[in-house]
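Colleague: Sending over a structure as structure tokens; questions will come in a sec.
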Amino acid sequence: MVDATEAPSARAGAGSLTWRSLPLASAIAIVGLTAAGLSPTLSLFLANAVHSAPVLIGLFFTARAAAGIMAGLATGWVSDRMRDRRVLLGLVSVGGAVGALCLALLRDYTWLLVTCVVFTSIGSGAFGQLFAYANESATAGGRDVTAYSSLMRSVFSAAYVVGAPLSLSIMARYGFRPLYLGVAALTLGSAVIGRWGLRRVPRKMIPAALPASGDTGEDASVAGAEVAERRTPWRVLRGASLPARVWLLLGVILVLGTVNQMYSIDIALHVTKDLGRSAELVGWMLGLTAAMEIPVMITAGRLAARVGSGRLVGLSAVLATVCYCLIPLVSSPGALLGVAALFGVWQGVALSIPMVMVQNESPGGVGTSSSIYGAAFGSAGLVAGAITGVTASAVGYGGVLWVCAGLSAIAVALMLARFAVRR
């Protein structure tokens with residue numbers, strides 16, 4: 001049961017942090033810091049510490065994306081059938097800590113591919129589970145779910161803004177091992193908070209069986225929606241009858257998601273190896289990009305109703321093309337930071353508004369449309385690793401950015417085609 005004193009204070013703190021929210025906010029902040037410790041440094045680690053060829057670096061990220069999709073589906077299936085989400089939070093966080101420990105201790109590519117990919121993919125499930133807990137906690141405490149989830153999402157973003165330059169500074173000064181040992185320790189801290197630091201909240205269990213043929217009315221609708229939530233993205237896509245405009249939008253999501261992840265893999269290698277700049281500069285670039293995304297997401301959400309969501313996404317694809325054409329041409333720290341700020345503008349739009357568009361335009365419920373969006377966005381990780389590895393091997397790290405520019409132009413063409421198709 002929920003403490004009887006929780007509901008009044010929870011309602012009072014719907015849009016702000018209260019002391020009861022601090023454990024959850026702390027766990028989410030740790031996830032943001034660990035993500036910032038892994039995401040911008042992993043390609044540098046594979047190149048400099050493991051001495052992997054570009055094609056093997058791309059293969060590593062492709063395998064990691066595939067494992068992440070499978071781990072996410074498995075975690076979602078298990079979470080629907082557990083009465084206490086905190087147990088799962090602790091387990092997946094321990095998996096993430098083991099993955100970071102593998103990065104700290106192993107230097108053989110094959111062993112890293114087998115161990116690190118599996119465990120870090122398990123650990124990535126902590127993000128979704130923490131926000132599922134936030135939803136349940138807000139509902140049980142009488143908070144506004146949207147406001148509370150947005151507040152917790154801002155905690156994650158703020159942690160990433162701080163963590164990206166901090167992690168690359170630690171890497172440059174002390175090496176990869178201290179960095180990844182620190183990530184492992186933080187992740188274990190998140191496991192402890194997730195399992196024992198969070199308050200238990202009541203959950204609504206999702207039934208394992210399909211609704212009976214005799215179910216009618218609202219009960220049948222709810223049961224059907226719950227089943228749709230549990231369908232895998234691939235089954236949803238295979239069974240969905242989507243309008244042409246939605247298919248074109250999914251193409252844009254796939255392309256922009258691909259170039260975004262290609263940039264994450266490639267930019268540290270391009271700046272340090274091609275331009276001879278410091279790893280700390282990469283950290284400041286990524287931190288500035290993440291910082292720009294926060295106000296852009298808020299502003300874009302308010303402008304969408306007046307300007308049109310499609311127009312904003314089309315403009316973001318145009319800006320992405322411009323950014324990817326600029327970044328290979330500049331080399332000074334000031335110019336690189338300026339372009340990094342522009343990256344935050346287009347990413348803030350492209351990584352938020354299309355999901356809402358898919359939910360609004362797809363037939364079926366929110367669960368089905370969210371699965372469709374997840375399938376498109378998740379596929380981007382598979383494509384990004386493969387293209388980055390092959391391109392970097394053939395034309396170098398700078399050439400990857402030009403390929404991103406070409407793909408972004410394809411996203412612009414897809415948006416133009418979408419505008420031309422009747423609703």
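Letters A, B, ... go to the chains of the structure tokens in the order shown; residues in each chain start at 1; ligands are counted from 1 in the same order.
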Just the residues within 9 Å of region 64-79 of chain A, please, counting only C-alpha atoms, with nothing from its chain fewer than 5 positions along; format it as a ChimeraX atom specification.
Modeller: /A:59,84-85,88,92,113,116-118,120-125,128-129,230,232-233,375,378-382,385
Colleague: Arg195 (chain A): which residues within 6 Å, counting only C-alpha atoms, same-chain residues fewer than 3 positions away excluded, as a list in words?
Modeller: Arg86, Val87, Gly90 and Val192 of chain A
Colleague: Nearest residue to Ser316 (chain A) out of A:Ala411, A:Thr391, A:Val246, A:Arg277, using only C-alpha atoms?
Modeller: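 The answer is A:Ala411, which sits nearest to Ser316 (chain A).
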Colleague: Between A:Leu303, A:Leu250, A:Val282, A:Val313, which residue has the minimum interatomic distance to Leu168 (chain A), considering only C-alpha atoms?
Modeller: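 Once distances to Leu168 (chain A) are computed over only C-alpha atoms, the minimum belongs to A:Val282.
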Colleague: For Gly194 (chain A), which of A:Phe131, A:Tyr180, A:Phe419, A:Tyr148 is the closest residue, counting only C-alpha atoms?
Modeller: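 Going through A:Phe131, A:Tyr180, A:Phe419, A:Tyr148 one by one, the smallest distance to Gly194 (chain A) is for A:Phe131.
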Colleague: Do you know which residues are at most 12 Å from Lys273 (chain A) counting only C-alpha atoms, after dropping those on the same chain fewer than 3 positions away, and could you put them as JSON, numbers by chain?
Modeller: {"A": [43, 44, 47, 48, 266, 267, 268, 269, 270, 276, 277, 278, 279, 282, 331, 396, 397, 398]}
Colleague: Go ahead and dump the residues you just picked, N, CA and C atoms, as a PDB file, in the first residue's frame.
Modeller:
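Written out: result19.pdb:
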```pdb
ATOM      1  N   SER A  43      33.440   4.495 -28.970  1.00  0.00           N
ATOM      2  CA  SER A  43      34.158   4.368 -30.245  1.00  0.00           C
ATOM      3  C   SER A  43      35.647   4.677 -30.064  1.00  0.00           C
ATOM      4  N   LEU A  44      35.982   5.663 -29.234  1.00  0.00           N
ATOM      5  CA  LEU A  44      37.385   5.957 -28.934  1.00  0.00           C
ATOM      6  C   LEU A  44      38.042   4.787 -28.217  1.00  0.00           C
ATOM      7  N   ALA A  47      38.808   2.069 -30.728  1.00  0.00           N
ATOM      8  CA  ALA A  47      39.885   2.442 -31.651  1.00  0.00           C
ATOM      9  C   ALA A  47      41.236   2.524 -30.952  1.00  0.00           C
ATOM     10  N   ASN A  48      41.289   3.135 -29.770  1.00  0.00           N
ATOM     11  CA  ASN A  48      42.570   3.428 -29.124  1.00  0.00           C
ATOM     12  C   ASN A  48      43.034   2.351 -28.161  1.00  0.00           C
ATOM     13  N   ASP A 266      30.869   8.434 -34.727  1.00  0.00           N
ATOM     14  CA  ASP A 266      31.965   8.940 -35.549  1.00  0.00           C
ATOM     15  C   ASP A 266      32.613  10.225 -35.048  1.00  0.00           C
ATOM     16  N   ILE A 267      31.862  11.104 -34.361  1.00  0.00           N
ATOM     17  CA  ILE A 267      32.356  12.454 -34.139  1.00  0.00           C
ATOM     18  C   ILE A 267      33.614  12.484 -33.267  1.00  0.00           C
ATOM     19  N   ALA A 268      33.684  11.641 -32.245  1.00  0.00           N
ATOM     20  CA  ALA A 268      34.877  11.632 -31.387  1.00  0.00           C
ATOM     21  C   ALA A 268      36.102  11.191 -32.181  1.00  0.00           C
ATOM     22  N   LEU A 269      35.934  10.224 -33.068  1.00  0.00           N
ATOM     23  CA  LEU A 269      37.058   9.756 -33.887  1.00  0.00           C
ATOM     24  C   LEU A 269      37.472  10.815 -34.898  1.00  0.00           C
ATOM     25  N   HIS A 270      36.505  11.503 -35.496  1.00  0.00           N
ATOM     26  CA  HIS A 270      36.831  12.550 -36.473  1.00  0.00           C
ATOM     27  C   HIS A 270      37.578  13.703 -35.811  1.00  0.00           C
ATOM     28  N   GLY A 276      42.963  16.225 -34.929  1.00  0.00           N
ATOM     29  CA  GLY A 276      43.998  16.313 -33.914  1.00  0.00           C
ATOM     30  C   GLY A 276      43.592  17.144 -32.704  1.00  0.00           C
ATOM     31  N   ARG A 277      42.312  17.286 -32.449  1.00  0.00           N
ATOM     32  CA  ARG A 277      41.836  18.045 -31.298  1.00  0.00           C
ATOM     33  C   ARG A 277      41.692  17.114 -30.092  1.00  0.00           C
ATOM     34  N   SER A 278      41.466  17.716 -28.919  1.00  0.00           N
ATOM     35  CA  SER A 278      41.410  16.953 -27.680  1.00  0.00           C
ATOM     36  C   SER A 278      40.058  16.276 -27.503  1.00  0.00           C
ATOM     37  N   ALA A 279      40.065  15.211 -26.690  1.00  0.00           N
ATOM     38  CA  ALA A 279      38.814  14.536 -26.374  1.00  0.00           C
ATOM     39  C   ALA A 279      37.909  15.427 -25.534  1.00  0.00           C
ATOM     40  N   VAL A 282      35.444  17.255 -27.611  1.00  0.00           N
ATOM     41  CA  VAL A 282      34.292  16.430 -28.000  1.00  0.00           C
ATOM     42  C   VAL A 282      33.248  16.432 -26.894  1.00  0.00           C
ATOM     43  N   SER A 331      37.319  23.267 -38.385  1.00  0.00           N
ATOM     44  CA  SER A 331      38.314  22.595 -37.553  1.00  0.00           C
ATOM     45  C   SER A 331      38.640  23.344 -36.266  1.00  0.00           C
ATOM     46  N   GLY A 396      37.290   7.063 -44.605  1.00  0.00           N
ATOM     47  CA  GLY A 396      37.723   7.765 -43.407  1.00  0.00           C
ATOM     48  C   GLY A 396      36.560   8.307 -42.589  1.00  0.00           C
ATOM     49  N   TYR A 397      36.904   8.808 -41.400  1.00  0.00           N
ATOM     50  CA  TYR A 397      35.872   9.286 -40.470  1.00  0.00           C
ATOM     51  C   TYR A 397      35.184  10.550 -40.974  1.00  0.00           C
ATOM     52  N   GLY A 398      35.911  11.419 -41.670  1.00  0.00           N
ATOM     53  CA  GLY A 398      35.278  12.599 -42.240  1.00  0.00           C
ATOM     54  C   GLY A 398      34.274  12.244 -43.316  1.00  0.00           C
TER      55      GLY A 398
END
```
Colleague: Neighbouring residues of Gly338 (chain A) were defined as those with any atom within 12 Å, considering only C-alpha atoms; residues of the same chain fewer than 3 positions away were excluded. Please report them as a list of chain:residue names.
Modeller: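 Surrounding residues, per the criterion: A:Trp284, A:Met285, A:Leu286, A:Leu288, A:Thr289, A:Met292, A:Cys323, A:Leu326, A:Ile327, A:Val330, A:Ser331, A:Ser332, A:Pro333, A:Gly334, A:Ala335, A:Ala341, A:Leu342, A:Phe343, A:Gly344, A:Val345.
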Colleague: With only C-alpha atoms as the basis for distance, which of A:Leu106, A:Ala340, A:Leu151, A:Leu101 is at the shortest distance from Ala290 (chain A)?
Modeller: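 Among the listed residues, A:Ala340 lies closest to Ala290 (chain A).
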Colleague: As a PDB file with N, CA and C atoms, in the first residue's frame, please: the residues near Ile294 (chain A) (cut-off 8 Å, only C-alpha atoms, same-chain neighbours under 3 positions excluded).
Modeller:
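And here is the file that came out, out17.pdb:
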```pdb
ATOM      1  N   SER A 154      13.891  15.863 -17.649  1.00  0.00           N
ATOM      2  CA  SER A 154      14.826  16.987 -17.603  1.00  0.00           C
ATOM      3  C   SER A 154      16.001  16.681 -16.683  1.00  0.00           C
ATOM      4  N   SER A 157      18.375  14.687 -18.830  1.00  0.00           N
ATOM      5  CA  SER A 157      19.048  15.545 -19.800  1.00  0.00           C
ATOM      6  C   SER A 157      20.125  16.395 -19.130  1.00  0.00           C
ATOM      7  N   ALA A 290      23.394  18.552 -26.208  1.00  0.00           N
ATOM      8  CA  ALA A 290      22.347  18.075 -25.296  1.00  0.00           C
ATOM      9  C   ALA A 290      21.666  19.239 -24.588  1.00  0.00           C
ATOM     10  N   ALA A 291      22.447  20.262 -24.208  1.00  0.00           N
ATOM     11  CA  ALA A 291      21.860  21.422 -23.531  1.00  0.00           C
ATOM     12  C   ALA A 291      20.906  22.171 -24.455  1.00  0.00           C
ATOM     13  N   MET A 297      13.128  21.367 -27.498  1.00  0.00           N
ATOM     14  CA  MET A 297      11.989  20.455 -27.367  1.00  0.00           C
ATOM     15  C   MET A 297      10.768  21.173 -26.799  1.00  0.00           C
ATOM     16  N   ILE A 298      10.997  21.997 -25.777  1.00  0.00           N
ATOM     17  CA  ILE A 298       9.884  22.727 -25.161  1.00  0.00           C
ATOM     18  C   ILE A 298       9.270  23.706 -26.159  1.00  0.00           C
ATOM     19  N   GLY A 348      16.631  18.311 -31.321  1.00  0.00           N
ATOM     20  CA  GLY A 348      15.548  18.582 -30.382  1.00  0.00           C
ATOM     21  C   GLY A 348      14.181  18.445 -31.020  1.00  0.00           C
TER      22      GLY A 348
END
```
Colleague: Return as a PyMOL selection string the full set of residues in region 169-405 of chain A whose backbone-based DSSP assignment is helix (DSSP H, G or I).
Modeller: chain A and resi 169-174+176-197+217-230+233-239+244-274+279-307+309-326+333-350+353-361+366-395+397-405
Colleague: Write out as number ranges by chain each polymer residue whose atoms come within 7 Å of Ala164 (chain A), counting only C-alpha atoms; drop sequence neighbours fewer than 6 positions from it.
Modeller: A: 36-37, 283, 286-287
Colleague: Suppose we keep C-alpha atoms; can you now write the selection as a compact mmCIF listing (two decimals), in the first residue's frame?
Modeller:
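Final output, result.txt:
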```
# COMPACT_ATOMS: atom_id res chain seq x y z
CA ALA A 36 27.23 10.10 -20.94
CA GLY A 37 30.17 8.01 -19.78
CA GLY A 283 32.78 16.37 -24.53
CA LEU A 286 28.17 16.82 -27.01
CA GLY A 287 27.25 18.61 -23.78
```
Colleague: Please measure the separation of CA of Arg83 (chain A) and CA of Thr139 (chain A), giving the value in Å to one decimal.
Modeller: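 So the answer is 16.2 Å.
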Colleague: Using only C-alpha atoms, find the one residue out of A:Leu329, A:Arg177, A:Leu248, A:Gly141 that sits nearest to Arg200 (chain A).
Modeller: A:Gly141
Colleague: Provide the CA of Gly389 (chain A) to CA of Pro40 (chain A) distance in Å, to one decimal place.
Modeller: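 Result for CA of Gly389 (chain A) versus CA of Pro40 (chain A): 16.3 Å, one decimal.
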